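Colleague: To be precise about what I am sending: the file is called coords.tsv and holds TSV, C-alpha atoms.
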chain	number	residue	atom	x	y	z
X	6	MET	CA	48.89	-40.58	-13.93
X	7	HIS	CA	48.17	-39.32	-10.41
X	8	ALA	CA	50.67	-41.90	-9.15
X	9	LEU	CA	53.38	-40.12	-11.14
X	10	PHE	CA	52.31	-36.64	-10.02
X	11	PRO	CA	51.57	-36.94	-6.28
X	12	GLY	CA	50.10	-34.18	-4.17
X	13	ARG	CA	46.44	-34.84	-3.48
X	14	GLU	CA	47.46	-37.96	-1.55
X	15	ALA	CA	49.06	-35.64	1.01
X	16	GLY	CA	45.68	-35.34	2.72
X	17	GLY	CA	43.43	-32.31	2.26
X	18	LEU	CA	44.34	-28.72	1.48
X	19	GLN	CA	46.55	-28.41	4.55
X	20	GLY	CA	48.46	-31.56	3.61
X	21	GLN	CA	48.92	-30.35	0.04
X	22	ARG	CA	50.18	-27.00	1.31
X	23	GLU	CA	52.65	-28.76	3.60
X	24	TYR	CA	53.81	-30.92	0.71
X	25	ARG	CA	54.40	-27.92	-1.57
X	26	ASP	CA	56.33	-26.17	1.21
X	27	TYR	CA	58.38	-29.32	1.72
X	28	LEU	CA	59.18	-29.57	-2.01
X	29	ALA	CA	60.24	-25.93	-2.14
X	30	LEU	CA	62.48	-26.38	0.89
X	31	GLN	CA	64.11	-29.47	-0.58
X	32	MET	CA	64.50	-28.10	-4.10
X	33	ALA	CA	65.61	-24.54	-3.34
X	34	PRO	CA	69.36	-25.37	-3.08
X	35	MET	CA	69.15	-27.35	-6.35
X	36	VAL	CA	67.35	-24.49	-8.09
X	37	HIS	CA	70.01	-22.01	-6.94
X	38	ALA	CA	72.83	-24.28	-8.10
X	39	LEU	CA	71.22	-24.95	-11.50
X	40	MET	CA	70.69	-21.23	-12.07
X	41	LEU	CA	74.36	-20.53	-11.43
X	42	VAL	CA	75.23	-23.32	-13.86
X	43	ALA	CA	72.84	-21.76	-16.39
X	44	VAL	CA	74.64	-18.42	-16.12
X	45	VAL	CA	78.04	-20.02	-16.67
X	46	ALA	CA	76.75	-22.25	-19.48
X	47	TYR	CA	75.13	-19.31	-21.27
X	48	LEU	CA	78.32	-17.28	-21.04
X	49	ALA	CA	80.38	-20.18	-22.36
X	50	ALA	CA	77.97	-20.94	-25.22
X	51	THR	CA	77.69	-17.30	-26.27
X	52	GLY	CA	81.46	-16.84	-26.13
X	53	ALA	CA	82.09	-19.99	-28.17
X	54	SER	CA	79.45	-18.90	-30.68
X	55	ALA	CA	81.17	-15.55	-31.11
X	56	LEU	CA	84.51	-17.25	-31.75
X	57	LEU	CA	83.28	-19.92	-34.17
X	58	ALA	CA	80.67	-18.08	-36.23
X	59	GLY	CA	79.52	-14.59	-36.93
X	60	SER	CA	76.14	-13.11	-36.13
X	61	ALA	CA	74.16	-10.09	-37.26
X	62	ILE	CA	73.41	-9.30	-33.62
X	63	PRO	CA	76.31	-7.71	-31.69
X	64	LEU	CA	77.88	-9.74	-28.89
X	65	ALA	CA	76.94	-7.08	-26.33
X	66	TRP	CA	73.25	-7.58	-27.13
X	67	ARG	CA	73.59	-11.35	-26.92
X	68	LEU	CA	75.12	-10.98	-23.45
X	69	THR	CA	72.27	-8.84	-22.09
X	70	PRO	CA	70.46	-11.81	-20.43
X	71	VAL	CA	73.53	-12.58	-18.29
X	72	LEU	CA	73.03	-9.89	-15.66
X	73	PRO	CA	69.28	-10.60	-15.14
X	74	LEU	CA	70.09	-14.33	-14.97
X	75	LEU	CA	72.70	-13.68	-12.32
X	76	LEU	CA	70.33	-11.47	-10.30
X	77	VAL	CA	67.62	-14.15	-10.43
X	78	ALA	CA	70.13	-16.79	-9.31
X	79	VAL	CA	71.19	-14.62	-6.38
X	80	ALA	CA	67.55	-13.94	-5.44
X	81	THR	CA	66.82	-17.68	-5.15
X	82	ARG	CA	69.56	-18.17	-2.59
X	83	LYS	CA	67.30	-17.51	0.39
X	84	VAL	CA	63.85	-18.14	-1.13
X	85	ARG	CA	62.08	-21.15	0.40
X	86	SER	CA	58.42	-20.43	-0.45
X	87	PRO	CA	56.85	-22.35	-3.37
X	88	LEU	CA	55.29	-19.47	-5.32
X	89	PRO	CA	58.27	-17.05	-5.32
X	90	LEU	CA	60.62	-19.93	-6.10
X	91	SER	CA	58.48	-21.05	-9.05
X	92	LEU	CA	58.13	-17.51	-10.43
X	93	LEU	CA	61.87	-16.87	-10.20
X	94	THR	CA	62.64	-20.16	-11.91
X	95	LEU	CA	60.15	-19.46	-14.69
X	96	LEU	CA	61.80	-16.05	-15.12
X	97	CYS	CA	65.14	-17.80	-15.48
X	98	VAL	CA	63.74	-20.08	-18.21
X	99	ALA	CA	62.24	-17.07	-20.00
X	100	LEU	CA	65.61	-15.27	-19.93
X	101	LEU	CA	67.34	-18.35	-21.32
X	102	GLU	CA	64.79	-18.55	-24.15
X	103	ILE	CA	65.42	-14.87	-24.93
X	104	GLY	CA	69.15	-15.61	-25.03
X	105	ILE	CA	68.60	-18.58	-27.36
X	106	ASN	CA	66.68	-16.34	-29.74
X	107	LEU	CA	69.37	-13.62	-29.62
X	108	ASN	CA	72.04	-16.16	-30.49
X	109	GLY	CA	69.91	-17.69	-33.25
X	110	PHE	CA	68.83	-14.59	-35.12
X	111	GLY	CA	71.00	-13.53	-38.02
X	112	ARG	CA	72.86	-16.84	-38.18
X	113	PRO	CA	72.14	-18.83	-41.36
X	114	ALA	CA	73.51	-21.99	-39.79
X	115	GLY	CA	72.10	-21.11	-36.41
X	116	LEU	CA	69.86	-24.08	-35.76
X	117	PRO	CA	72.55	-26.76	-35.40
X	118	TRP	CA	74.36	-24.53	-32.91
X	119	VAL	CA	71.36	-23.33	-30.90
X	120	LEU	CA	69.22	-26.49	-31.00
X	121	PRO	CA	71.08	-28.33	-28.19
X	122	GLY	CA	70.41	-25.40	-25.86
X	123	CYS	CA	66.70	-25.48	-26.71
X	124	LEU	CA	66.47	-29.16	-25.84
X	125	LEU	CA	68.63	-29.04	-22.71
X	126	VAL	CA	66.54	-26.43	-20.89
X	127	PRO	CA	63.42	-28.59	-20.31
X	128	VAL	CA	65.45	-31.67	-19.36
X	129	ALA	CA	67.80	-29.78	-17.01
X	130	SER	CA	64.92	-27.97	-15.30
X	131	SER	CA	62.51	-30.92	-15.15
X	132	VAL	CA	63.32	-31.96	-11.57
X	133	ILE	CA	63.04	-28.58	-9.87
X	134	TRP	CA	59.36	-27.66	-10.24
X	135	PRO	CA	57.38	-27.94	-6.96
X	136	GLY	CA	53.94	-27.87	-8.62
X	137	ARG	CA	52.17	-29.10	-11.73
X	138	TRP	CA	51.22	-25.66	-13.00
X	139	ASP	CA	54.78	-24.32	-13.02
X	140	PHE	CA	56.08	-27.49	-14.71
X	141	LEU	CA	53.47	-27.19	-17.46
X	142	ALA	CA	54.19	-23.45	-17.84
X	143	ALA	CA	57.93	-24.16	-18.12
X	144	MET	CA	57.44	-26.87	-20.76
X	145	LEU	CA	55.16	-24.58	-22.76
X	146	LEU	CA	57.75	-21.80	-22.51
X	147	CYS	CA	60.50	-24.16	-23.67
X	148	ALA	CA	58.40	-25.37	-26.60
X	149	LEU	CA	57.27	-21.95	-27.81
X	150	GLY	CA	60.28	-19.85	-26.80
X	151	PRO	CA	62.51	-20.61	-29.84
X	152	LEU	CA	59.69	-20.12	-32.40
X	153	PRO	CA	60.57	-16.46	-33.21
X	154	MET	CA	64.10	-17.56	-34.11
X	155	LEU	CA	62.83	-20.51	-36.16
X	156	LEU	CA	60.12	-18.54	-37.99
X	157	PHE	CA	61.97	-15.30	-38.71
X	158	GLY	CA	65.65	-15.75	-38.01
X	159	ILE	CA	66.71	-18.78	-40.03
X	160	GLY	CA	66.18	-19.94	-43.58
X	161	GLU	CA	64.46	-23.19	-44.56
X	162	GLY	CA	62.03	-22.69	-41.68
X	163	GLY	CA	59.64	-25.55	-42.52
X	164	THR	CA	62.23	-28.32	-42.29
X	165	GLN	CA	63.87	-26.86	-39.24
X	166	ILE	CA	60.56	-26.33	-37.40
X	167	PHE	CA	59.61	-29.96	-38.08
X	168	GLN	CA	63.01	-31.13	-36.81
X	169	PHE	CA	62.71	-28.91	-33.75
X	170	THR	CA	59.15	-30.14	-33.03
X	171	VAL	CA	60.22	-33.80	-33.08
X	172	TYR	CA	63.25	-33.24	-30.87
X	173	MET	CA	61.36	-30.96	-28.46
X	174	ALA	CA	58.55	-33.53	-28.11
X	175	ILE	CA	61.13	-36.16	-27.15
X	176	SER	CA	62.80	-33.74	-24.75
X	177	ILE	CA	59.51	-32.84	-23.02
X	178	CYS	CA	58.52	-36.51	-22.71
X	179	ALA	CA	61.87	-37.26	-21.06
X	180	SER	CA	61.42	-34.21	-18.81
X	181	THR	CA	57.95	-35.41	-17.76
X	182	VAL	CA	59.26	-38.83	-16.75
X	183	LEU	CA	62.19	-37.33	-14.83
X	184	ARG	CA	59.98	-34.84	-13.02
X	185	ALA	CA	57.35	-37.46	-12.19
X	186	PHE	CA	59.73	-39.92	-10.59
X	187	MET	CA	61.69	-37.20	-8.83
X	188	THR	CA	58.54	-35.85	-7.18
X	189	ARG	CA	57.34	-39.37	-6.40
X	190	THR	CA	60.59	-40.04	-4.54
X	191	LEU	CA	60.29	-36.75	-2.65
X	192	PHE	CA	56.63	-37.45	-1.86
X	193	GLU	CA	57.46	-40.83	-0.32
X	194	GLN	CA	60.19	-39.14	1.73
X	195	PHE	CA	57.74	-36.41	2.80
X	196	ARG	CA	55.11	-38.96	3.80
X	197	LEU	CA	57.61	-40.99	5.83
X	198	GLU	CA	58.94	-37.88	7.61
X	199	ARG	CA	55.41	-36.69	8.39
X	200	GLN	CA	54.49	-40.12	9.71
X	201	LEU	CA	57.53	-40.12	11.99
X	202	ARG	CA	56.66	-36.61	13.23
X	203	GLU	CA	53.10	-37.66	13.95
X	204	GLN	CA	54.30	-40.69	15.88
X	205	ALA	CA	56.62	-38.49	17.91
X	206	ASN	CA	53.96	-35.85	18.59
X	207	THR	CA	50.77	-37.87	19.13
X	208	ASP	CA	49.64	-40.35	21.74
X	209	GLY	CA	49.55	-43.85	20.34
X	210	LEU	CA	46.37	-44.85	22.19
X	211	THR	CA	44.10	-41.85	21.65
X	212	GLY	CA	45.71	-40.18	18.61
X	213	LEU	CA	45.71	-36.85	20.45
X	214	LEU	CA	48.64	-34.50	20.84
X	215	LEU	CA	51.17	-35.33	23.51
X	216	ARG	CA	51.74	-32.76	26.26
X	217	ASN	CA	54.87	-31.10	24.83
X	218	ARG	CA	53.49	-30.84	21.31
X	219	PHE	CA	50.15	-29.57	22.61
X	220	LEU	CA	51.88	-26.85	24.63
X	221	GLU	CA	54.04	-25.87	21.67
X	222	LEU	CA	51.08	-25.43	19.31
X	223	ALA	CA	48.89	-23.91	22.03
X	224	ARG	CA	51.57	-21.36	22.81
X	225	ASN	CA	51.56	-20.19	19.18
X	226	GLN	CA	47.77	-20.03	19.04
X	227	LEU	CA	47.58	-18.11	22.30
X	228	VAL	CA	50.09	-15.53	21.06
X	229	ASP	CA	48.12	-15.11	17.82
X	230	ALA	CA	44.85	-14.69	19.72
X	231	GLN	CA	46.43	-12.15	22.09
X	232	GLN	CA	47.78	-10.13	19.16
X	233	ASP	CA	44.36	-10.18	17.48
X	234	GLY	CA	42.59	-9.23	20.70
X	235	LEU	CA	40.53	-12.45	20.76
X	236	PRO	CA	39.40	-14.19	23.96
X	237	THR	CA	40.87	-17.62	24.66
X	238	CYS	CA	39.87	-20.31	27.13
X	239	MET	CA	41.50	-23.51	28.32
X	240	LEU	CA	39.50	-26.59	29.32
X	241	TYR	CA	41.10	-29.20	31.57
X	242	LEU	CA	39.32	-32.58	31.79
X	243	ASP	CA	39.88	-35.54	34.07
X	244	ALA	CA	38.05	-38.87	33.87
X	245	ASP	CA	36.37	-39.56	37.21
X	246	HIS	CA	37.25	-42.67	39.27
X	247	PHE	CA	39.66	-43.85	36.59
X	248	LYS	CA	42.03	-45.62	38.97
X	249	ARG	CA	39.11	-47.65	40.27
X	250	LEU	CA	38.23	-48.65	36.70
X	251	ASN	CA	41.77	-49.91	36.08
X	252	ASP	CA	41.98	-51.69	39.42
X	253	GLU	CA	38.61	-53.45	39.20
X	254	HIS	CA	38.25	-54.11	35.47
X	255	GLY	CA	41.81	-54.04	34.11
X	256	HIS	CA	43.83	-51.67	31.99
X	257	ALA	CA	42.17	-52.89	28.79
X	258	ALA	CA	38.88	-51.44	30.03
X	259	GLY	CA	40.68	-48.24	30.97
X	260	ASP	CA	42.26	-47.98	27.52
X	261	GLU	CA	38.89	-48.51	25.87
X	262	ALA	CA	37.37	-45.74	27.96
X	263	LEU	CA	40.20	-43.34	27.09
X	264	THR	CA	39.85	-44.10	23.39
X	265	ALA	CA	36.10	-43.42	23.53
X	266	LEU	CA	36.71	-40.23	25.54
X	267	ALA	CA	39.19	-38.96	22.91
X	268	ALA	CA	36.73	-39.74	20.12
X	269	ALA	CA	34.01	-37.80	21.96
X	270	LEU	CA	36.36	-34.82	22.35
X	271	ARG	CA	37.18	-34.80	18.64
X	272	SER	CA	33.52	-35.04	17.66
X	273	GLN	CA	32.72	-31.93	19.71
X	274	ALA	CA	35.73	-29.87	18.58
X	275	ARG	CA	36.09	-27.21	15.90
X	276	HIS	CA	38.93	-27.37	13.39
X	277	THR	CA	40.71	-24.60	15.36
X	278	THR	CA	40.45	-26.47	18.67
X	279	LEU	CA	43.65	-28.02	19.99
X	280	ILE	CA	43.23	-31.21	22.02
X	281	GLY	CA	46.02	-32.84	23.99
X	282	ARG	CA	46.47	-35.74	26.35
X	283	ILE	CA	48.30	-34.10	29.21
X	284	GLY	CA	48.93	-37.30	31.11
X	285	GLY	CA	47.10	-40.45	32.17
X	286	GLU	CA	43.36	-39.69	32.12
X	287	GLU	CA	43.84	-35.89	31.92
X	288	PHE	CA	43.12	-33.92	28.75
X	289	ALA	CA	43.23	-30.26	27.73
X	290	LEU	CA	41.48	-28.23	25.04
X	291	LEU	CA	42.53	-24.77	23.91
X	292	LEU	CA	39.60	-22.74	22.55
X	293	PRO	CA	40.84	-19.64	20.69
X	294	GLY	CA	38.06	-17.12	20.10
X	295	PHE	CA	35.95	-18.47	23.02
X	296	GLY	CA	34.98	-16.28	25.93
X	297	MET	CA	34.02	-17.74	29.30
X	298	ARG	CA	30.34	-18.06	28.44
X	299	GLN	CA	31.00	-19.92	25.18
X	300	ALA	CA	33.63	-22.11	26.82
X	301	SER	CA	31.23	-22.97	29.66
X	302	GLU	CA	28.57	-24.02	27.16
X	303	LYS	CA	31.14	-26.13	25.30
X	304	ALA	CA	32.32	-27.75	28.55
X	305	GLU	CA	28.76	-28.57	29.57
X	306	ARG	CA	28.09	-30.21	26.22
X	307	LEU	CA	31.27	-32.25	26.61
X	308	ARG	CA	30.33	-33.30	30.13
X	309	VAL	CA	26.92	-34.51	29.00
X	310	ALA	CA	28.31	-36.20	25.89
X	311	MET	CA	30.65	-38.31	28.02
X	312	HIS	CA	27.66	-40.01	29.65
X	313	SER	CA	27.10	-41.88	26.38
X	314	VAL	CA	30.48	-43.62	26.85
X	315	ARG	CA	29.82	-46.82	28.78
X	316	ARG	CA	32.26	-48.24	31.31
X	317	PRO	CA	31.86	-51.69	32.84
X	318	ASP	CA	30.74	-49.97	36.06
X	319	GLY	CA	28.47	-47.34	34.47
X	320	PRO	CA	28.64	-44.20	32.32
X	321	LEU	CA	31.88	-42.28	31.95
X	322	THR	CA	31.91	-38.95	33.78
X	323	VAL	CA	34.48	-36.17	33.69
X	324	SER	CA	35.38	-33.19	35.83
X	325	ILE	CA	36.15	-30.06	33.81
X	326	GLY	CA	37.94	-26.87	34.76
X	327	ILE	CA	37.87	-23.68	32.70
X	328	ALA	CA	40.26	-20.74	32.73
X	329	GLU	CA	40.13	-17.68	30.50
X	330	CYS	CA	43.16	-15.66	29.41
X	331	HIS	CA	42.72	-12.17	30.85
X	332	HIS	CA	45.93	-10.33	29.99
X	333	ALA	CA	48.29	-10.12	27.03
X	334	ASP	CA	51.37	-11.44	28.81
X	335	GLU	CA	49.85	-14.63	30.25
X	336	THR	CA	51.72	-17.79	29.24
X	337	ILE	CA	50.17	-21.03	28.09
X	338	GLU	CA	51.64	-22.76	31.15
X	339	SER	CA	49.89	-20.31	33.47
X	340	LEU	CA	46.58	-20.71	31.65
X	341	LEU	CA	46.86	-24.51	31.81
X	342	ALA	CA	47.72	-24.40	35.53
X	343	ARG	CA	44.66	-22.27	36.31
X	344	ALA	CA	42.40	-24.62	34.34
X	345	ASP	CA	43.95	-27.56	36.21
X	346	GLN	CA	43.21	-25.79	39.49
X	347	ALA	CA	39.56	-25.37	38.46
X	348	MET	CA	39.35	-29.05	37.48
X	349	ARG	CA	40.64	-30.13	40.89
X	350	LEU	CA	38.00	-27.94	42.52
X	351	ALA	CA	35.37	-29.75	40.43
X	352	LYS	CA	36.75	-33.02	41.79
X	353	ARG	CA	36.50	-31.83	45.36
X	354	ASN	CA	32.95	-30.54	44.80
X	355	GLY	CA	31.65	-33.97	43.78
X	356	ARG	CA	32.94	-34.71	40.25
X	357	ASP	CA	30.95	-34.81	36.99
X	358	ARG	CA	30.71	-31.05	36.90
X	359	VAL	CA	32.19	-27.90	35.33
X	360	VAL	CA	34.00	-25.30	37.42
X	361	ARG	CA	35.22	-21.92	36.18
X	362	VAL	CA	38.14	-19.98	37.61
X	363	ALA	CA	38.52	-16.22	37.38
Represent the structure contained in this file as structure tokens.
Modeller:
Amino acid sequence: MHALFPGREAGGLQGQREYRDYLALQMAPMVHALMLVAVVAYLAATGASALLAGSAIPLAWRLTPVLPLLLVAVATRKVRSPLPLSLLTLLCVALLEIGINLNGFGRPAGLPWVLPGCLLVPVASSVIWPGRWDFLAAMLLCALGPLPMLLFGIGEGGTQIFQFTVYMAISICASTVLRAFMTRTLFEQFRLERQLREQANTDGLTGLLLRNRFLELARNQLVDAQQDGLPTCMLYLDADHFKRLNDEHGHAAGDEALTALAAALRSQARHTTLIGRIGGEEFALLLPGFGMRQASEKAERLRVAMHSVRRPDGPLTVSIGIAECHHADETIESLLARADQAMRLAKRNGRDRVVRVA
């Protein structure tokens, strides 16, 4: 069943949130179009009903759902968030169910006329629900919505309720299959697009962010930290004597060392820490919420941890530079450049050390 209703496969809470956002973005234009169709269809059905058969309820009352339906349809035009989109769509279904009841009450032969509308709503809306909860809520609303009309508005209720129950069960089963395979198709598309984005934004060897993507995300984090008044530090790392490793032991040994270095960085990082491969054997870490003292302690732990990575010519060592953001208008490029300057000073001072820059 999970194969028909994907979502958890997206990878953690963040992945599920991205998937829901993706579904809402993809489905929003369809939802808007279907709501406009619903308004036109309801007007046409109510008008035809008024022409072909009488009703104890005045036509003006039966047309009251039209304006709210139209307002809901207009409101969905620019909505791209999952929750508001789901709530607006559920409101649209509720309004349609109210309209079905208004057209069914006071009509002795109402069921044959109204029944197709009852069964079309779940099928027509089956493909537009971004989440499981809103789909289940919509199906429940479709199943229970016409009951007032069936119980109190039409004669021979027992036979008609049985007939309605059978047809509605078939309709909901068809809706479930349609919704399942629609979301499965969208999930496969989402997973492929995310995989392509990851390939474009991450280094194939180390799995870390590439320079441009790192700077893009770091820029956003730095702005958020500056607005919240939080300290932020940048660490710039460079593997010592890396050219000698490649020259004497080959690029395979160099690649193995870089892979182990990246794994060590990830193992020491928080979930809020951004890590990027800036180029060659140079790496950067953005530490939002870290002051200079905390960043220095983190850098020292990283420096020591690298000694456990073995190269053919001995332990891996790194030179680390630290820069702290001091003012609200500093750019991520400036912060990175100052950390790079500190790293180069660590190189000149003998390597395998941490240097801070004011």
Colleague: If you count only C-alpha atoms, which residues fall within 10 Å of His254 (chain X), apart from same-chain ones fewer than 6 positions away, as a list in words?
Modeller: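 So, after excluding close chain neighbours, the residues are Lys248, Arg316, Pro317 and Asp318 of chain X.
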Colleague: Write out, as a PDB file, keeping the file's coordinate frame, the residues just selected, with C-alpha atoms.
Modeller:
ATOM      1  CA  LYS X 248      42.030 -45.620  38.970  1.00  0.00           C
ATOM      2  CA  ARG X 316      32.260 -48.240  31.310  1.00  0.00           C
ATOM      3  CA  PRO X 317      31.860 -51.690  32.840  1.00  0.00           C
ATOM      4  CA  ASP X 318      30.740 -49.970  36.060  1.00  0.00           C
TER       5      ASP X 318
END
Colleague: With all atoms listed in the file as the atoms that count, which of X:Asp345, X:Glu23, X:Glu329, X:Asp357 lies nearest to Leu227 (chain X)?
Modeller: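 Using all atoms listed in the file, Leu227 (chain X) sits closest to X:Glu329.
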Colleague: Point out the residue among X:Met35, X:Ile62, X:Met40, X:Leu75 with the least atom-to-atom distance to Val132 (chain X), counting only C-alpha atoms.
Modeller: X:Met35
Colleague: Within 8 Å of Ile133 (chain X), counting all atoms listed in the file, which residues qualify if same-chain residues fewer than 4 places away don't, as number ranges by chain?
Modeller: X: 32, 35-36, 184
Colleague: Measure the distance from CA of Ala328 (chain X) to CA of Ala268 (chain X) in Å and round it to one decimal.
Modeller: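 Here the two named atoms are 23.1 Å from each other.
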Colleague: With all heavy atoms as the target, complete region 145-153 of chain X and hand it back as a compact mmCIF listing (two decimals), in the coordinates of the input.
Modeller:
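Wrote it out as result_15.txt, contents follow:
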# COMPACT_ATOMS: atom_id res chain seq x y z
N LEU X 145 55.76 -25.39 -21.70
CA LEU X 145 55.16 -24.58 -22.76
C LEU X 145 56.12 -23.47 -23.19
O LEU X 145 56.27 -23.18 -24.39
CB LEU X 145 53.84 -23.99 -22.27
CG LEU X 145 53.00 -23.24 -23.30
CD1 LEU X 145 52.53 -24.19 -24.39
CD2 LEU X 145 51.80 -22.59 -22.63
N LEU X 146 56.78 -22.86 -22.22
CA LEU X 146 57.75 -21.80 -22.51
C LEU X 146 58.93 -22.36 -23.31
O LEU X 146 59.40 -21.72 -24.26
CB LEU X 146 58.23 -21.19 -21.20
CG LEU X 146 59.04 -19.90 -21.27
CD1 LEU X 146 58.25 -18.81 -21.97
CD2 LEU X 146 59.42 -19.45 -19.86
N CYS X 147 59.39 -23.55 -22.94
CA CYS X 147 60.50 -24.16 -23.67
C CYS X 147 60.10 -24.52 -25.10
O CYS X 147 60.91 -24.41 -26.03
CB CYS X 147 60.97 -25.42 -22.95
SG CYS X 147 61.80 -25.12 -21.39
N ALA X 148 58.85 -24.96 -25.27
CA ALA X 148 58.40 -25.37 -26.60
C ALA X 148 58.17 -24.18 -27.52
O ALA X 148 58.50 -24.23 -28.72
CB ALA X 148 57.12 -26.20 -26.48
N LEU X 149 57.62 -23.10 -26.98
CA LEU X 149 57.27 -21.95 -27.81
C LEU X 149 58.37 -20.89 -27.86
O LEU X 149 58.37 -20.05 -28.77
CB LEU X 149 55.97 -21.31 -27.29
CG LEU X 149 54.73 -22.21 -27.27
CD1 LEU X 149 53.53 -21.44 -26.75
CD2 LEU X 149 54.45 -22.78 -28.65
N GLY X 150 59.26 -20.90 -26.89
CA GLY X 150 60.28 -19.85 -26.80
C GLY X 150 61.14 -19.69 -28.05
O GLY X 150 61.37 -18.55 -28.50
N PRO X 151 61.63 -20.78 -28.67
CA PRO X 151 62.51 -20.61 -29.84
C PRO X 151 61.77 -20.33 -31.14
O PRO X 151 62.41 -20.16 -32.18
CB PRO X 151 63.22 -21.99 -29.93
CG PRO X 151 62.99 -22.65 -28.62
CD PRO X 151 61.67 -22.16 -28.15
N LEU X 152 60.43 -20.30 -31.14
CA LEU X 152 59.69 -20.12 -32.40
C LEU X 152 60.03 -18.83 -33.13
O LEU X 152 60.11 -18.83 -34.37
CB LEU X 152 58.19 -20.21 -32.14
CG LEU X 152 57.65 -21.61 -31.83
CD1 LEU X 152 56.14 -21.59 -31.67
CD2 LEU X 152 58.04 -22.60 -32.94
N PRO X 153 60.20 -17.68 -32.45
CA PRO X 153 60.57 -16.46 -33.21
C PRO X 153 61.84 -16.66 -34.02
O PRO X 153 61.91 -16.25 -35.19
CB PRO X 153 60.75 -15.41 -32.12
CG PRO X 153 59.87 -15.87 -31.00
CD PRO X 153 59.95 -17.37 -31.03
